$ cat model.txt   # compact mmCIF, C-alpha atoms
# COMPACT_ATOMS: atom_id res chain seq x y z
CA MET A 622 29.38 -69.99 27.45
CA ALA A 623 30.89 -71.26 30.70
CA ALA A 624 28.40 -72.64 33.24
CA GLU A 625 28.90 -69.80 35.73
CA GLU A 626 28.38 -67.16 33.06
CA GLU A 627 25.22 -68.87 31.87
CA ILE A 628 23.85 -68.98 35.41
CA ARG A 629 24.73 -65.34 35.95
CA ALA A 630 22.98 -64.35 32.72
CA GLU A 631 19.80 -66.11 33.85
CA VAL A 632 19.91 -64.48 37.28
CA GLU A 633 20.54 -61.01 35.80
CA LYS A 634 17.68 -61.52 33.36
CA ARG A 635 15.41 -62.40 36.24
CA PHE A 636 16.27 -59.60 38.67
CA GLY A 637 17.66 -56.80 36.50
CA GLU A 638 18.64 -53.76 38.55
CA ARG A 639 17.35 -55.37 41.75
CA LEU A 640 20.35 -57.72 41.73
CA ARG A 641 22.82 -56.42 44.32
CA PHE A 642 25.35 -59.23 44.34
CA TRP A 643 26.01 -62.45 42.51
CA GLY A 644 28.81 -64.90 43.29
CA ALA A 645 29.50 -68.51 42.36
CA ARG A 646 31.76 -71.15 43.80
CA GLN A 647 32.33 -74.71 42.61
CA GLU A 648 32.39 -77.47 45.21
CA GLY A 649 32.93 -80.87 43.61
CA GLN A 650 30.01 -81.55 41.30
CA ARG A 651 28.01 -78.51 42.39
CA ILE A 652 28.07 -74.80 41.72
CA ILE A 653 26.80 -72.77 44.67
CA CYS A 654 25.49 -69.33 43.76
CA LEU A 655 25.03 -66.52 46.25
CA VAL A 656 22.28 -64.21 45.04
CA VAL A 657 21.39 -60.97 46.82
CA ALA A 658 18.49 -58.97 45.40
CA ASP A 659 16.28 -56.16 46.63
CA ASP A 660 12.93 -57.20 48.09
CA LEU A 661 13.31 -60.86 47.18
CA SER A 662 9.93 -62.50 47.81
CA GLU A 663 9.26 -66.08 48.89
CA ARG A 664 7.72 -66.75 45.49
CA GLU A 665 10.86 -65.50 43.72
CA GLU A 666 12.98 -67.64 46.00
CA TYR A 667 10.91 -70.66 45.03
CA ARG A 668 11.23 -69.78 41.35
CA LEU A 669 15.00 -69.67 41.80
CA TYR A 670 14.85 -73.25 43.05
CA ARG A 671 12.97 -74.22 39.89
CA LEU A 672 15.58 -72.39 37.83
CA ALA A 673 18.30 -74.34 39.65
CA ALA A 674 16.70 -77.60 38.50
CA GLU A 675 16.40 -76.34 34.93
CA LEU A 676 20.05 -75.22 34.91
CA THR A 677 21.20 -78.53 36.38
CA ARG A 678 19.56 -80.35 33.48
CA ARG A 679 20.93 -77.95 30.91
CA LEU A 680 24.50 -77.62 32.21
CA GLY A 681 25.12 -81.11 33.60
CA VAL A 682 26.36 -79.75 36.93
CA VAL A 683 24.34 -79.40 40.14
CA VAL A 684 23.30 -75.77 40.58
CA LEU A 685 22.22 -74.59 44.03
CA PHE A 686 21.19 -71.07 45.02
CA ALA A 687 21.69 -69.27 48.32
CA PRO A 688 19.17 -66.45 47.83
CA TYR A 689 18.89 -63.39 50.07
CA SER A 690 16.88 -60.26 50.19
CA SER A 691 19.37 -57.39 50.51
CA ASN A 692 17.96 -56.19 53.84
CA ASP A 693 18.40 -59.65 55.36
CA PHE A 694 21.87 -59.97 53.91
CA ARG A 695 23.11 -56.73 55.50
CA ARG A 696 22.30 -58.23 58.88
CA ARG A 697 24.03 -61.52 58.13
CA ARG A 698 27.04 -60.81 55.99
CA ASN A 699 29.69 -61.81 58.51
CA LEU A 700 28.69 -65.49 58.43
CA PRO A 701 31.47 -67.85 57.32
CA PHE A 702 29.60 -69.23 54.32
CA GLU A 703 28.69 -65.83 52.91
CA SER A 704 32.17 -64.45 53.70
CA SER A 705 33.68 -67.22 51.61
CA PHE A 706 32.45 -65.34 48.53
CA GLY A 707 34.66 -62.40 49.48
CA GLU A 708 33.80 -58.85 50.44
CA VAL A 709 30.29 -57.97 49.28
CA GLU A 710 29.47 -54.29 48.84
CA LEU A 711 25.74 -53.75 48.50
CA MET B 1330 25.16 -105.26 39.74
CA SER B 1331 22.79 -108.01 38.60
CA ALA B 1332 19.14 -107.31 37.82
CA TYR B 1333 18.14 -109.29 40.91
CA THR B 1334 20.48 -107.28 43.14
CA GLU B 1335 19.17 -104.04 41.65
CA GLU B 1336 15.63 -105.10 42.42
CA VAL B 1337 16.49 -105.96 46.02
CA ALA B 1338 18.42 -102.71 46.48
CA ALA B 1339 15.65 -100.63 44.91
CA LYS B 1340 13.05 -102.18 47.23
CA PHE B 1341 15.33 -101.65 50.23
CA TYR B 1342 15.80 -97.95 49.43
CA LEU B 1343 12.08 -97.46 48.90
CA GLN B 1344 11.18 -99.18 52.16
CA ARG B 1345 13.72 -97.03 53.99
CA ALA B 1346 12.31 -93.97 52.24
CA PHE B 1347 8.85 -94.71 53.62
CA GLY B 1348 10.41 -95.11 57.07
CA PHE B 1349 12.02 -91.67 56.84
CA TYR B 1350 8.77 -90.20 55.57
CA GLU B 1351 6.73 -91.60 58.47
CA SER B 1352 9.35 -90.29 60.90
CA ALA B 1353 9.17 -86.85 59.28
CA ARG B 1354 5.41 -86.75 59.69
CA GLY B 1355 5.71 -87.90 63.29
CA VAL B 1356 8.31 -85.29 64.19
CA LEU B 1357 6.28 -82.47 62.62
CA ARG B 1358 3.09 -83.66 64.33
CA GLN B 1359 4.61 -84.07 67.78
CA SER B 1360 7.01 -81.18 68.09
CA GLN B 1361 6.19 -78.65 65.35
CA ARG B 1362 9.94 -78.45 64.78
CA CYS B 1363 10.17 -78.12 61.06
CA GLU B 1364 13.91 -78.51 60.41
CA PRO B 1365 14.30 -82.09 61.70
CA ALA B 1366 11.14 -83.03 59.82
CA ALA B 1367 12.48 -81.43 56.64
CA LEU B 1368 15.78 -83.28 56.97
CA LEU B 1369 13.93 -86.59 57.33
CA ALA B 1370 11.72 -85.78 54.33
CA TYR B 1371 14.86 -84.97 52.33
CA GLU B 1372 16.34 -88.37 53.22
CA ALA B 1373 13.07 -90.01 52.16
CA ILE B 1374 13.10 -88.28 48.78
CA LEU B 1375 16.78 -89.08 48.21
CA ASP B 1376 16.28 -92.77 49.02
CA ALA B 1377 13.22 -92.96 46.78
CA ALA B 1378 15.21 -91.33 43.98
CA LYS B 1379 17.94 -93.96 44.39
CA ALA B 1380 15.27 -96.65 44.17
CA LEU B 1381 13.83 -95.09 41.03
CA LEU B 1382 17.26 -94.98 39.37
CA LEU B 1383 18.09 -98.55 40.40
CA ALA B 1384 14.87 -99.73 38.83
CA ASP B 1385 16.31 -98.43 35.55
CA GLY B 1386 19.70 -100.02 36.25
CA VAL B 1387 21.41 -96.78 37.32
CA LYS B 1388 23.40 -96.79 40.55
CA ALA B 1389 24.03 -93.39 42.13
CA ASP B 1390 25.49 -92.68 45.56
CA GLY B 1391 25.27 -89.31 47.22
CA CYS B 1392 23.05 -86.35 46.61
CA ASP B 1393 24.91 -84.80 43.69
CA ALA B 1394 25.31 -88.10 41.85
CA VAL B 1395 21.57 -88.74 42.27
CA LEU B 1396 20.68 -85.25 41.02
CA LEU B 1397 22.94 -85.55 37.98
CA ALA B 1398 21.64 -89.04 37.14
CA LEU B 1399 18.05 -87.79 37.39
CA ALA B 1400 18.84 -84.70 35.31
CA SER B 1401 20.37 -86.95 32.67
CA ALA B 1402 17.33 -89.25 32.78
CA ALA B 1403 15.03 -86.23 32.42
CA GLU B 1404 17.00 -85.08 29.38
CA LYS B 1405 16.48 -88.56 27.88
CA ALA B 1406 12.82 -88.42 28.95
CA THR B 1407 13.08 -91.67 30.94
CA VAL B 1408 11.88 -89.69 33.98
CA SER B 1409 9.88 -86.48 33.97
CA GLU B 1410 11.45 -83.06 34.52
CA GLU B 1411 9.04 -82.67 37.43
CA THR B 1412 10.51 -85.75 39.10
CA HIS B 1413 13.99 -84.28 38.87
CA SER B 1414 12.74 -80.89 40.07
CA ILE B 1415 11.18 -82.37 43.22
CA VAL B 1416 14.48 -83.99 44.23
CA GLN B 1417 16.44 -80.85 43.37
CA GLU B 1418 14.09 -78.70 45.50
CA ALA B 1419 14.59 -81.09 48.40
CA ALA B 1420 18.37 -80.67 47.97
CA GLN B 1421 17.92 -76.88 48.01
CA ILE B 1422 16.05 -77.07 51.32
CA HIS B 1423 18.75 -79.37 52.72
CA PHE B 1424 21.43 -76.93 51.58
CA LYS B 1425 19.50 -74.04 53.12
CA ILE B 1426 19.29 -75.76 56.50
CA HIS B 1427 23.00 -76.49 56.56
CA ARG B 1428 24.31 -73.21 55.23
CA ARG B 1429 22.05 -70.52 56.59
CA GLY B 1430 22.49 -70.76 60.31
CA LEU B 1431 20.64 -67.62 61.38
CA ILE B 1432 17.53 -68.08 59.28
CA SER B 1433 15.21 -70.87 60.29
CA LEU B 1434 13.28 -72.77 57.71
CA ARG B 1435 9.76 -71.50 57.15
CA PRO B 1436 7.18 -74.04 58.42
CA GLN B 1437 5.38 -73.98 55.08
CA GLU B 1438 8.62 -75.03 53.35
CA ALA B 1439 8.88 -78.09 55.57
CA GLU B 1440 5.21 -78.88 55.05
CA ALA B 1441 5.57 -78.54 51.28
CA LEU B 1442 8.62 -80.81 51.35
CA ILE B 1443 6.76 -83.48 53.30
CA HIS B 1444 3.80 -83.17 50.94
CA ASN B 1445 6.15 -83.56 47.95
CA ALA B 1446 7.80 -86.55 49.61
CA ARG B 1447 4.45 -88.25 49.99
CA SER B 1448 3.46 -87.92 46.33
CA PHE B 1449 6.98 -88.71 45.12
CA LEU B 1450 7.27 -91.89 47.20
CA ARG B 1451 3.90 -93.08 45.94
CA GLU B 1452 4.94 -92.40 42.36
CA VAL B 1453 8.15 -94.40 42.85
CA ARG B 1454 6.26 -97.23 44.57
CA ASP B 1455 3.85 -97.46 41.63
CA LYS B 1456 6.72 -97.55 39.17
CA LEU B 1457 8.59 -100.24 41.12
CA GLU B 1458 5.45 -102.33 41.52
CA GLN B 1459 4.81 -102.15 37.79
CA LYS B 1460 8.30 -103.51 37.23
CA PHE B 1461 8.82 -105.90 40.14
CA GLY B 1462 5.32 -106.68 41.45
CA LEU B 1463 3.90 -105.87 44.88
CA ILE B 1464 6.40 -104.74 47.50
CA GLU B 1465 5.95 -106.18 50.96
CA GLY B 1466 4.95 -103.71 53.66
CA LEU B 1467 4.19 -100.83 51.31
$ encode --input "model.txt" --output "structure tokens"
Amino acid sequence: MAAEEEIRAEVEKRFGERLRFWGARQEGQRIICLVVADDLSEREEYRLYRLAAELTRRLGVVVLFAPYSSNDFRRRRNLPFESSFGEVEL
Amino acid sequence: MSAYTEEVAAKFYLQRAFGFYESARGVLRQSQRCEPAALLAYEAILDAAKALLLADGVKADGCDAVLLALASAAEKATVSEETHSIVQEAAQIHFKIHRRGLISLRPQEAEALIHNARSFLREVRDKLEQKFGLIEGL
């Protein structure tokens, strides 16, 4: 399984139907993943950081998450970094 | 790089790491501005990680190279997974500061990062002292 697919599978497993958007982009040695989920808590955000470390060890590429709660993301979606993942329909 | 050069470089990075750490604490104490303190704590953790790798003869420049070298070392069990996770979390905070302009870092995230830096730097110092003997000024 390609690295991005494996990351996506882990994220989908974690959030299920609460996952509103997932996108990945490779920059050099890192894969940056935009994750938008409903009611994302601080604890879940922290757990995503732990998952990033686990995936980095498993995949041999640096995995970083940009996690958002969907309500926050609706306010912020016109930022250049987020826009670089393309149009996001929540 | 010779073993002697690696030792000197490892000690240099660790001493600089403690300098960054003290600055981070000072900034947080004086101004309550958490982002500059978090950035300094991140630099401290990254420098300490470089020192840790150099002590095992591994040279890594830049955040991603350090993270991948630590991940590889964790897979070989020459460092703990927790050690790698601490550095990776610091990189996540650094990434968050640089890429999420409208959201400010939560103060507790900066405090946790500084707390992690403190225990991580001490762990690296102990490891280097076991290998190289006492390090001046630390």
$ interface_residues --input "model.txt" --of "chain A" --to "chain B" --cutoff "10 Å" --atoms "only C-alpha atoms" --output "PyMOL selection string"
chain A and resi 649-651+653+663+667+669-688+693+696-697+700-703
$ atom_distance --input "model.txt" --atom1 "atom CA of B:Arg1451" --atom2 "atom CA of B:Tyr1350"
11.2 Å
$ atom_distance --input "model.txt" --atom1 "atom CA of A:Ser704" --atom2 "atom CA of A:Arg668"
24.9 Å
$ residues_around --input "model.txt" --residues "stretch 1364-1377 of chain B" --least-positions-apart "6" --cutoff "7 Å" --atoms "all atoms listed in the file" --output "list of chain:residue names"
B:Tyr1342, B:Leu1343, B:Ala1346, B:Phe1347, B:Phe1349, B:Tyr1350, B:Ser1352, B:Ala1353, B:Arg1354, B:Val1356, B:Leu1357, B:Val1416, B:Ala1419, B:His1423, B:Leu1434, B:Ala1439, B:Leu1442, B:Ile1443, B:Ala1446, B:Leu1450, B:Val1453
$ residues_around --input "model.txt" --residues "A:Glu638" --least-positions-apart "4" --cutoff "9 Å" --atoms "all atoms listed in the file" --output "PyMOL selection string"
chain A and resi 633+658-659
$ write_last_selection --input "model.txt" --atoms "C-alpha atoms" --output "mmCIF file, in the coordinates of the input"
data_model
loop_
_atom_site.group_PDB
_atom_site.id
_atom_site.type_symbol
_atom_site.label_atom_id
_atom_site.label_comp_id
_atom_site.auth_asym_id
_atom_site.auth_seq_id
_atom_site.Cartn_x
_atom_site.Cartn_y
_atom_site.Cartn_z
ATOM 1 C CA GLU A 633 20.540 -61.010 35.800
ATOM 2 C CA ALA A 658 18.490 -58.970 45.400
ATOM 3 C CA ASP A 659 16.280 -56.160 46.630
#
$ atom_distance --input "model.txt" --atom1 "atom CA of B:Arg1447" --atom2 "atom CA of B:Thr1412"
12.7 Å
$ residues_around --input "model.txt" --residues "A:Arg641" --least-positions-apart "6" --cutoff "10 Å" --atoms "all atoms listed in the file" --output "list in words"
Glu633, Val656, Val657, Ala658, Asp659, Tyr689, Ser690, Ser691, Val709, Glu710 and Leu711 of chain A
$ write_last_selection --input "model.txt" --atoms "C-alpha atoms" --output "PDB file, keeping the file's coordinate frame"
ATOM      1  CA  GLU A 633      20.540 -61.010  35.800  1.00  0.00           C
ATOM      2  CA  VAL A 656      22.280 -64.210  45.040  1.00  0.00           C
ATOM      3  CA  VAL A 657      21.390 -60.970  46.820  1.00  0.00           C
ATOM      4  CA  ALA A 658      18.490 -58.970  45.400  1.00  0.00           C
ATOM      5  CA  ASP A 659      16.280 -56.160  46.630  1.00  0.00           C
ATOM      6  CA  TYR A 689      18.890 -63.390  50.070  1.00  0.00           C
ATOM      7  CA  SER A 690      16.880 -60.260  50.190  1.00  0.00           C
ATOM      8  CA  SER A 691      19.370 -57.390  50.510  1.00  0.00           C
ATOM      9  CA  VAL A 709      30.290 -57.970  49.280  1.00  0.00           C
ATOM     10  CA  GLU A 710      29.470 -54.290  48.840  1.00  0.00           C
ATOM     11  CA  LEU A 711      25.740 -53.750  48.500  1.00  0.00           C
TER      12      LEU A 711
END
